Amino acid sequence: MSAGARFVGWAVGWASAHRSWHCGNGGLKPTLRLIAISFALLCAGQTQAFDLDQLSAQLAKPALVRGPFIQQKHLRALPQPLTSKGQFVLSREFGLLWFLHSPVQQDYRIDANGIARRTPQGWQPQPGQDVAAQQSRLFLAVLKGDHSGLARDFDLHLQGTAEAWQLQLQPRSLLLKQIFSAIQIQGGALVERIELQEVQGDSTVLLMPDTQPGAELAEQERSDFAP
Amino acid sequence: MPLDRPALERNLPRLFGLLLLALLLLAAWQWRNGPPVAASMLALLPAGSSDALVQQAEQRMQEPLNREVLLLVGHPQRAEAIALAGQLGQQWQALPQFDRVQWSLQADLAAIRQQLRGSRLELLPAADRQLLLAQPELLIQQRVAQLFDTFAASSLLPPEQDWLGLGARAQQGLNPHGRIQADLGSGVLLLESQGMTWALLRAHTAGDAFDLQAPKAIAAAVAQARTVVTAQGGQLLAASGVLYAAAGQAKASREISWIGGGATLGALLLLLLAFRRWRVLLSLLPVAVALLAGCTACVLVFGQINALTLVLGASLIGVAADYPLHYLSKSWSLPAWRSWSALWATLPGLSLSLGTNLIGYLALAFTPFPALTQIAVFSAAGLIGAYLCAVCLLPAWLAPLRLTPPASLLGFAERLLRLRQRLLDKTGSGPLLLVFLLLCGGGLWQVQSQNDLRQWLGQEPQLLAEAQQIAALTGQQPTSQFFLVRGADQQQLLERQAALALRLDGLVAAKQLQDYRALSQLQSPDSALQLLRAALQQLPQHWQPLLAMGIPLAALQQELAQLLLPGPSLETTLAGPLSEAWRPLWLGATADGVAGLVSLQGQANGAQLRGAAEGLDGVQLVDRIGELNQLFAATQLSAAELKLLSCGAILLLLCLPFGFAGALRVVCLPLLAALATLACLGWLGEPLTLFSLFGLLLITAIGVDYAILLREAIGGAAVSLLGTLLSGLLSWLSFGLLLLSQTPAIANFGLTISLGLFFCFLLAPWAANKVPSQ
């Protein structure tokens with residue numbers, strides 16, 4: 001067994017002994033999905049920037065975007081992807097609302113405090129506050145157009161034209177490489193598609209066919225963002 | 001006796017010279033690899049249980065404490081914390097003191113996935129088991145939602161290996177709260193707290209923590225790391241048993257030089273003041289010989305010498321300097337003082353002193369405490385060395401000396417004796433004794449016995465604060481308490497651990513225990529698995545929603561069939577990457593079955609833990625500290641008994657020169673002094689500890705010495721009293737300084753000796769042959 005495996009064994013065991021470990025389970029994939037989504041959404045609306053710095057400069061611009069999304073999980077073992085649908089609202093000021101409508105209903109809110117789920121008792125923070133904080137910090141960094149955090153963990157490749165561009169994120173670290181082979185974000189005038197390719201052959205595709213810049217938050221959305 | 005004294009006076013120094021040379025060579029050989037000094041006070045504790053399995057278990061539990069250094073590198077900037085941890089990690093990896101330094105999680109996920117897949121049923125958390133047994137339809141429903149959910153916690157196992165989601169649940173059970181997380185890019189393990197990011201770094205020391213030189217080097221590495229981290233605006237926290245060892249070592253060497261140096265300086269001044277000849281300083285030579293002989297004997301017998309022995313042994317200076325005083329003090333009575341003739345005159349008393357001292361010290365060797373045994377060996381060897389030096393060598397070197405000590409000191413002693421006589425004339429000895437005994441009784445009433453391991457360890461507030469901060473940040477707080485569980489075979493062991501775990505769950509829920517770790521968490525006993533497998537067999541009735549998603553029936557059936565197969569053996573499971581933290585808990589085969597441990601987190605009430613083990617077969621609570629505290633008390637008793645025995649031996653020895661009545665008097669006076677000392681501790685509110693008891697034992701040995709001096713009264717009562725005063729002062733110079741020690745045990749010892757010396761001196765005149773009549 002490699003030293004790395006011993007270490008992860010230690011870390012998992014050690015940390016789980018005091019019930020505080022969180023890696024490779026809830027942490028990784030949602031985080032990446034979040035990064036990809038937020039990065040992609042924020043690229044929406046920019047027209048000519050193909051240099052990453054220009055792209056970043058554009059990111060802070062849109063104050064609010066919203067639209068429907070379709071999530072497709074392509075599993076090797078299934079002939080048909082698992083498809084779910086919903087609506088999202090991204091506010092530069094407050095964060096992201098992610099409402100899954102079908103086939104199951106689940107609302108998420110991602111803001112400076114981390115990830116929360118809507119329950120009958122109101123918004124419930126997801127277990128693992130610190131992980132959520134890490135995710136939201138990355139998310140907010142992206143929101144502000146700071147891609148240095150991403151560049152540390154991924155190789156970024158931007159290709160294409162303003163009307164059809166593609167951003168590829170290639171994981172650098174050994175840990176990430178064991179989970180994701182690549183993340184691809186495609187867009188035209190707006191972001192249209194995000195794909196997360198897992199090492200084991202499965203992939204998740206997020207389609208955002210009709211994202212629109214919004215004027216301001218609706219009353220309900222405003223109260224959803226309220227703490 | 002037909003002794004040829006001139007020939008003896010010629011040959012004895014040569015003979016001793018040869019002995020000393022041999023001793024020096026032996027010592028030099030022993031120190032060839034640096035000082036053989038061990039720092040751990042705990043190493044002096046008794047081995048505890050004689051049960052080999054318990055000892056093995058204790059060793060297993062202490063290993064991480066003694067061999068691991070845990071660092072938290074904190075910085076307000078997350079990236080800085082990660083960079084600092086990497087920098088330190090690389091530096092430490094290059095150090096010879098560490099054989100493994102880990103700061104980055106570069107996990108082999110394939111191995112983890114494999115173990116998770118194979119053991120998911122065994123690892124299933126209690127709540128999820130309940131769900132499977134009672135509400136299988138809800139379990140399926142939750143899994144369906146999870147597969148569609150964008151932000152649901154994702155699993156290490158791909159869905160086609162885990163359609164039912166048991167692997168995902170088992171994985172969640174391993175990590176219910178995410179306080180520590182791995183940085184995605186670097187793999188560094190991080191904690192967030194109050195605006196600081198802390199990176200974890202764990203180093204495994206190459207040698208044993210109580211390897212003699214390692215702690216110092218490791219403490220230096222930590223100090224250097226602290227400088228680096230602080231210079232870059234960060235903060236460093238470190239916790240390790242090694243650091244305590246290093247601090248103990250540093251403190252001990254500081255105190256040895258303090259106390260030894262102070263005692264030597266004081267003795268020098270006192271001798272110069274009393275005899276006004278430079279050459280008389282040679283009489284400190286026996287002290288050096290005593291320390292040399294004591295050290296060498298200890299290393300010879302035990303392989304090394306403990307710092308505590310050295311600190312207490314340094315106080316031997318006071319006793320060793322006594323011997324030359326026996327004959328030096330005769331210069332007040334012998335007008336033409338000659339070293340050899342003074343020696344011959346005092347030799348019987350000197351030899352008696354040695355004999356009684358040896359008996360007093362050697363009694364300590366028979367207590368079950370390695371500490372006391374070591375001190376006994378050190379002292380006995382030291383005293384013999386000092387005696388031989390004082391008898392064989394010193395008179396030759398002092399031969400040219402012509403002593404004309406100031407008469408004023410003798411006058412002072414005479415005044416003291418007159419004062420005492422006037423007091424006795426007024427009251428008589430009887431009433432004085434009565435008052436004395438009453439005072440003693442009052443004090444004894446208030447004596448409180450207290451035995452706590454913390455007295456041995458002393459205070460290291462800085463280390464303690466850091467360890468507490470680390471415990472608060474990580475939630476990790478290892479304790480010395482644990483359960484040892486035995487079983488006829490693996491299944492019985494797991495059953496028993498599971499039964500214990502159920503009770504511990506109750507303590508955890510009631511917040512009386514922080515957490516625990518048991519082998520049964522990793523590998524459920526078969527009886528529990530049978531229930532789960534029975535429930536699994538009913539699952540096809542409920543899995544329609546999964547089929548509706550398009551999952552092929554064959555895939556579900558295949559997964560179910562795999563879950564119904566027997567899981568991996570305990571050994572296989574323990575070898576897996578997820579099991580590292582559980583691995584030390586498995587002790588393997590024993591003479592009558594197998595054994596394993598259940599470790600605990602956070603201090604818990606010993607009685608409650610015993611309650612948790614009560615009525616469970618094969619479950620034993622091992623509470624080393626509680627056990628030791630009990631053992632301290634038991635040792636006190638046996639030490640007191642040994643002392644009484646040794647008093648009997650001294651009595652027999654003294655019967656030879658003094659007759660029974662005289663011997664009884666000489667032995668009773670020190671006992672009375674010890675009693676008064678004990679009473680004083682009571683009046684002062686100081687506890688009686690194992691160490692003060694040791695002090696009392698020493699006091700009786702020294703007291704007998706004084707009583708012999710005054711009983712023999714060579715050169716007159718005043719001269720003998722002056723000799724006693726001088727040697728008392730010399731002893732006090734060394735023992736009294738122990739009062740200043742930062743280790744409570746040693747300070748307590750110093751106080752006891754100081755008080756005892758005072759009473760010994762006060763009572764010694766009653767040893768004189770004739771009680772002066774009125």
# chains A, B, ... in the order shown; residues from 1 in each chain; ligands from 1
>>> interface_residues(of="chain B", to="chain A", cutoff="8 Å", atoms="only C-alpha atoms", output="number ranges by chain")
B: 102, 105-109, 111-112, 145, 147-156, 158-160, 168, 171-172, 174-182, 184-187, 191-192, 474-476, 515-517, 549-552, 576-582, 601
>>> residues_around(residues="B:Pro405", least_positions_apart="6", cutoff="9 Å", atoms="only C-alpha atoms", output="list in words")
Ala274, Phe275, Arg276, Arg277, Ser329, Ser331 and Trp332 of chain B
>>> write_last_selection(atoms="N, CA and C atoms", output="tab-separated table (two decimals), in the first residue's frame")
chain	number	residue	atom	x	y	z
B	274	ALA	N	34.28	28.01	58.34
B	274	ALA	CA	34.47	27.25	59.55
B	274	ALA	C	35.95	26.94	59.82
B	275	PHE	N	36.70	26.62	58.75
B	275	PHE	CA	38.06	26.14	58.98
B	275	PHE	C	39.14	27.08	58.50
B	276	ARG	N	38.79	28.04	57.68
B	276	ARG	CA	39.73	29.09	57.25
B	276	ARG	C	41.01	28.55	56.63
B	277	ARG	N	40.89	27.45	55.89
B	277	ARG	CA	42.03	26.93	55.13
B	277	ARG	C	41.51	26.54	53.75
B	329	SER	N	35.81	18.19	62.16
B	329	SER	CA	35.26	18.96	63.28
B	329	SER	C	35.98	18.64	64.58
B	331	SER	N	38.92	19.05	65.03
B	331	SER	CA	40.03	19.99	65.19
B	331	SER	C	39.80	20.97	66.33
B	332	TRP	N	38.52	21.10	66.73
B	332	TRP	CA	38.25	22.01	67.85
B	332	TRP	C	38.71	21.40	69.19
>>> residues_around(residues="B:Leu364", least_positions_apart="4", cutoff="7 Å", atoms="only C-alpha atoms", output="compact mmCIF listing (two decimals) with N, CA and C atoms, in the first residue's frame")
# COMPACT_ATOMS: atom_id res chain seq x y z
N LEU B 372 12.19 4.95 43.07
CA LEU B 372 12.83 4.82 44.37
C LEU B 372 13.97 3.80 44.31
N THR B 373 13.78 2.77 43.51
CA THR B 373 14.85 1.78 43.36
C THR B 373 16.09 2.45 42.78
N ALA B 376 17.70 4.63 45.28
CA ALA B 376 18.38 3.84 46.29
C ALA B 376 19.74 3.37 45.79
N ALA B 639 6.29 1.51 51.77
CA ALA B 639 7.52 2.22 52.07
C ALA B 639 7.64 2.45 53.57
>>> residues_around(residues="B:Leu757", least_positions_apart="5", cutoff="9 Å", atoms="only C-alpha atoms", output="VMD selection string")
chain B and resid 673 677 699 702 to 703 728 to 729 731 to 732 752 762
>>> atom_distance(atom1="atom CA of A:Met208", atom2="atom CA of A:Glu192")
4.9 Å
>>> closest_residue(among="B:Ala206, B:Glu80, B:Ser351, B:Ile746", to="B:Val101", atoms="only C-alpha atoms")
B:Ala206
>>> select_by_dssp(residues="stretch 413-576 of chain B", states="helix (DSSP H, G or I)", output="ChimeraX atom specification")
/B:413-427,429-446,454-457,461-474,490-509,519-522,526-537,539-541,544-548,553-564,570-575
>>> closest_residue(among="B:Glu641, B:Ser333, B:Pro540, B:His75", to="B:Leu410", atoms="only C-alpha atoms")
B:Ser333
>>> residues_around(residues="B:Leu23", least_positions_apart="5", cutoff="8 Å", atoms="only C-alpha atoms", output="PyMOL selection string")
chain B and resi 292-293+296
>>> atom_distance(atom1="atom CA of B:Ser754", atom2="atom CA of B:Cys655")
28.9 Å
>>> residues_around(residues="B:Trp92", least_positions_apart="3", cutoff="10 Å", atoms="only C-alpha atoms", output="PyMOL selection string")
chain B and resi 86-89+95-102+203+218+221-222+225
>>> closest_residue(among="B:Leu532, B:Leu653, B:Leu513, B:Ala718", to="B:Phe412", atoms="only C-alpha atoms")
B:Ala718
>>> atom_distance(atom1="atom CA of B:Lys330", atom2="atom CA of B:Ser720")
7.9 Å
>>> closest_residue(among="A:Val199, A:Leu156, A:Ile110, A:Val191", to="A:Gln212", atoms="only C-alpha atoms")
A:Val191
>>> decode(residues="stretch 378-513 of chain B", atoms="C-alpha atoms", output="mmCIF file, in the first residue's frame")
data_model
loop_
_atom_site.group_PDB
_atom_site.id
_atom_site.type_symbol
_atom_site.label_atom_id
_atom_site.label_comp_id
_atom_site.auth_asym_id
_atom_site.auth_seq_id
_atom_site.Cartn_x
_atom_site.Cartn_y
_atom_site.Cartn_z
ATOM 1 C CA PHE B 378 22.345 5.861 43.189
ATOM 2 C CA SER B 379 22.543 6.842 46.845
ATOM 3 C CA ALA B 380 24.008 3.584 48.104
ATOM 4 C CA ALA B 381 26.751 3.581 45.491
ATOM 5 C CA GLY B 382 27.325 7.291 46.037
ATOM 6 C CA LEU B 383 27.621 6.923 49.812
ATOM 7 C CA ILE B 384 30.055 4.030 49.535
ATOM 8 C CA GLY B 385 32.141 6.056 47.091
ATOM 9 C CA ALA B 386 32.099 9.079 49.366
ATOM 10 C CA TYR B 387 32.977 6.966 52.396
ATOM 11 C CA LEU B 388 35.901 5.301 50.663
ATOM 12 C CA CYS B 389 37.165 8.634 49.423
ATOM 13 C CA ALA B 390 36.845 10.196 52.862
ATOM 14 C CA VAL B 391 38.583 7.276 54.524
ATOM 15 C CA CYS B 392 41.239 6.265 52.006
ATOM 16 C CA LEU B 393 42.276 9.302 50.032
ATOM 17 C CA LEU B 394 41.274 12.452 51.776
ATOM 18 C CA PRO B 395 43.357 12.063 54.971
ATOM 19 C CA ALA B 396 46.476 11.730 52.830
ATOM 20 C CA TRP B 397 45.702 14.914 50.969
ATOM 21 C CA LEU B 398 44.726 16.715 54.153
ATOM 22 C CA ALA B 399 47.847 15.491 55.971
ATOM 23 C CA PRO B 400 49.776 18.744 55.630
ATOM 24 C CA LEU B 401 46.818 20.617 57.023
ATOM 25 C CA ARG B 402 47.157 22.180 60.433
ATOM 26 C CA LEU B 403 43.744 23.255 61.563
ATOM 27 C CA THR B 404 43.189 26.015 64.044
ATOM 28 C CA PRO B 405 39.531 26.723 63.577
ATOM 29 C CA PRO B 406 38.022 29.815 65.154
ATOM 30 C CA ALA B 407 37.019 29.239 68.728
ATOM 31 C CA SER B 408 34.024 31.510 68.298
ATOM 32 C CA LEU B 409 32.106 28.745 66.523
ATOM 33 C CA LEU B 410 32.814 26.325 69.315
ATOM 34 C CA GLY B 411 31.750 29.017 71.751
ATOM 35 C CA PHE B 412 28.489 29.337 69.858
ATOM 36 C CA ALA B 413 27.903 25.586 70.143
ATOM 37 C CA GLU B 414 28.657 25.728 73.832
ATOM 38 C CA ARG B 415 26.207 28.588 74.293
ATOM 39 C CA LEU B 416 23.567 26.553 72.511
ATOM 40 C CA LEU B 417 24.184 23.596 74.802
ATOM 41 C CA ARG B 418 24.025 25.833 77.891
ATOM 42 C CA LEU B 419 20.799 27.346 76.657
ATOM 43 C CA ARG B 420 19.351 23.879 76.247
ATOM 44 C CA GLN B 421 20.604 22.880 79.682
ATOM 45 C CA ARG B 422 18.983 25.917 81.316
ATOM 46 C CA LEU B 423 15.710 25.120 79.601
ATOM 47 C CA LEU B 424 15.900 21.491 80.705
ATOM 48 C CA ASP B 425 16.749 22.569 84.244
ATOM 49 C CA LYS B 426 13.543 24.546 84.371
ATOM 50 C CA THR B 427 11.188 22.099 82.764
ATOM 51 C CA GLY B 428 12.809 18.692 82.576
ATOM 52 C CA SER B 429 12.671 16.507 79.489
ATOM 53 C CA GLY B 430 9.356 14.882 80.292
ATOM 54 C CA PRO B 431 7.026 17.915 80.020
ATOM 55 C CA LEU B 432 8.910 19.124 76.939
ATOM 56 C CA LEU B 433 8.346 15.765 75.317
ATOM 57 C CA LEU B 434 4.671 15.956 76.208
ATOM 58 C CA VAL B 435 4.257 19.407 74.607
ATOM 59 C CA PHE B 436 6.236 18.216 71.634
ATOM 60 C CA LEU B 437 4.062 15.151 71.225
ATOM 61 C CA LEU B 438 0.891 17.226 71.596
ATOM 62 C CA LEU B 439 2.037 19.564 68.859
ATOM 63 C CA CYS B 440 2.875 16.544 66.728
ATOM 64 C CA GLY B 441 -0.543 15.043 67.383
ATOM 65 C CA GLY B 442 -2.257 18.266 66.365
ATOM 66 C CA GLY B 443 -0.275 18.364 63.157
ATOM 67 C CA LEU B 444 -0.757 14.716 62.333
ATOM 68 C CA TRP B 445 -4.496 15.249 62.621
ATOM 69 C CA GLN B 446 -4.286 17.662 59.724
ATOM 70 C CA VAL B 447 -1.981 15.706 57.439
ATOM 71 C CA GLN B 448 -3.573 14.925 54.154
ATOM 72 C CA SER B 449 -2.244 12.283 51.913
ATOM 73 C CA GLN B 450 -2.327 13.221 48.261
ATOM 74 C CA ASN B 451 -1.067 11.265 45.336
ATOM 75 C CA ASP B 452 -1.481 12.552 41.897
ATOM 76 C CA LEU B 453 0.515 11.868 38.813
ATOM 77 C CA ARG B 454 0.479 15.565 38.026
ATOM 78 C CA GLN B 455 2.961 16.112 40.842
ATOM 79 C CA TRP B 456 5.459 14.146 38.855
ATOM 80 C CA LEU B 457 4.938 16.001 35.670
ATOM 81 C CA GLY B 458 5.064 19.537 36.921
ATOM 82 C CA GLN B 459 3.605 22.381 35.004
ATOM 83 C CA GLU B 460 4.301 23.066 31.377
ATOM 84 C CA PRO B 461 1.632 25.732 30.863
ATOM 85 C CA GLN B 462 2.743 26.613 27.347
ATOM 86 C CA LEU B 463 2.674 23.011 26.115
ATOM 87 C CA LEU B 464 -0.579 22.343 27.913
ATOM 88 C CA ALA B 465 -2.244 25.413 26.423
ATOM 89 C CA GLU B 466 -1.164 24.423 22.923
ATOM 90 C CA ALA B 467 -2.353 20.860 23.370
ATOM 91 C CA GLN B 468 -5.696 22.165 24.586
ATOM 92 C CA GLN B 469 -5.971 24.524 21.651
ATOM 93 C CA ILE B 470 -5.225 21.678 19.249
ATOM 94 C CA ALA B 471 -7.812 19.521 20.998
ATOM 95 C CA ALA B 472 -10.374 22.308 20.666
ATOM 96 C CA LEU B 473 -9.597 22.849 16.980
ATOM 97 C CA THR B 474 -9.428 19.240 15.869
ATOM 98 C CA GLY B 475 -11.792 17.771 18.415
ATOM 99 C CA GLN B 476 -9.142 15.169 19.062
ATOM 100 C CA GLN B 477 -8.366 14.571 22.695
ATOM 101 C CA PRO B 478 -6.784 11.215 23.320
ATOM 102 C CA THR B 479 -6.919 9.859 26.841
ATOM 103 C CA SER B 480 -4.979 7.237 28.682
ATOM 104 C CA GLN B 481 -8.151 5.359 29.533
ATOM 105 C CA PHE B 482 -9.255 2.541 27.264
ATOM 106 C CA PHE B 483 -11.010 -0.780 27.291
ATOM 107 C CA LEU B 484 -9.318 -4.095 26.745
ATOM 108 C CA VAL B 485 -11.731 -6.646 25.321
ATOM 109 C CA ARG B 486 -10.974 -10.356 25.102
ATOM 110 C CA GLY B 487 -12.839 -13.056 23.273
ATOM 111 C CA ALA B 488 -12.503 -16.736 22.513
ATOM 112 C CA ASP B 489 -12.529 -15.914 18.801
ATOM 113 C CA GLN B 490 -13.000 -12.925 16.503
ATOM 114 C CA GLN B 491 -16.775 -13.188 16.494
ATOM 115 C CA GLN B 492 -17.009 -13.193 20.261
ATOM 116 C CA LEU B 493 -14.599 -10.275 20.457
ATOM 117 C CA LEU B 494 -16.679 -8.266 17.974
ATOM 118 C CA GLU B 495 -19.896 -9.177 19.808
ATOM 119 C CA ARG B 496 -18.396 -7.985 23.068
ATOM 120 C CA GLN B 497 -17.062 -4.776 21.541
ATOM 121 C CA ALA B 498 -20.452 -4.116 19.975
ATOM 122 C CA ALA B 499 -22.156 -4.609 23.353
ATOM 123 C CA LEU B 500 -19.701 -2.194 24.947
ATOM 124 C CA ALA B 501 -20.116 0.259 22.059
ATOM 125 C CA LEU B 502 -23.855 0.292 22.652
ATOM 126 C CA ARG B 503 -23.292 1.426 26.241
ATOM 127 C CA LEU B 504 -20.673 3.954 25.190
ATOM 128 C CA ASP B 505 -23.155 5.388 22.682
ATOM 129 C CA GLY B 506 -25.280 6.205 25.730
ATOM 130 C CA LEU B 507 -22.393 8.029 27.406
ATOM 131 C CA VAL B 508 -21.656 9.938 24.194
ATOM 132 C CA ALA B 509 -25.313 10.927 23.850
ATOM 133 C CA ALA B 510 -25.300 12.113 27.470
ATOM 134 C CA LYS B 511 -22.153 14.143 26.681
ATOM 135 C CA GLN B 512 -20.199 12.274 29.314
ATOM 136 C CA LEU B 513 -17.799 10.943 26.741
#
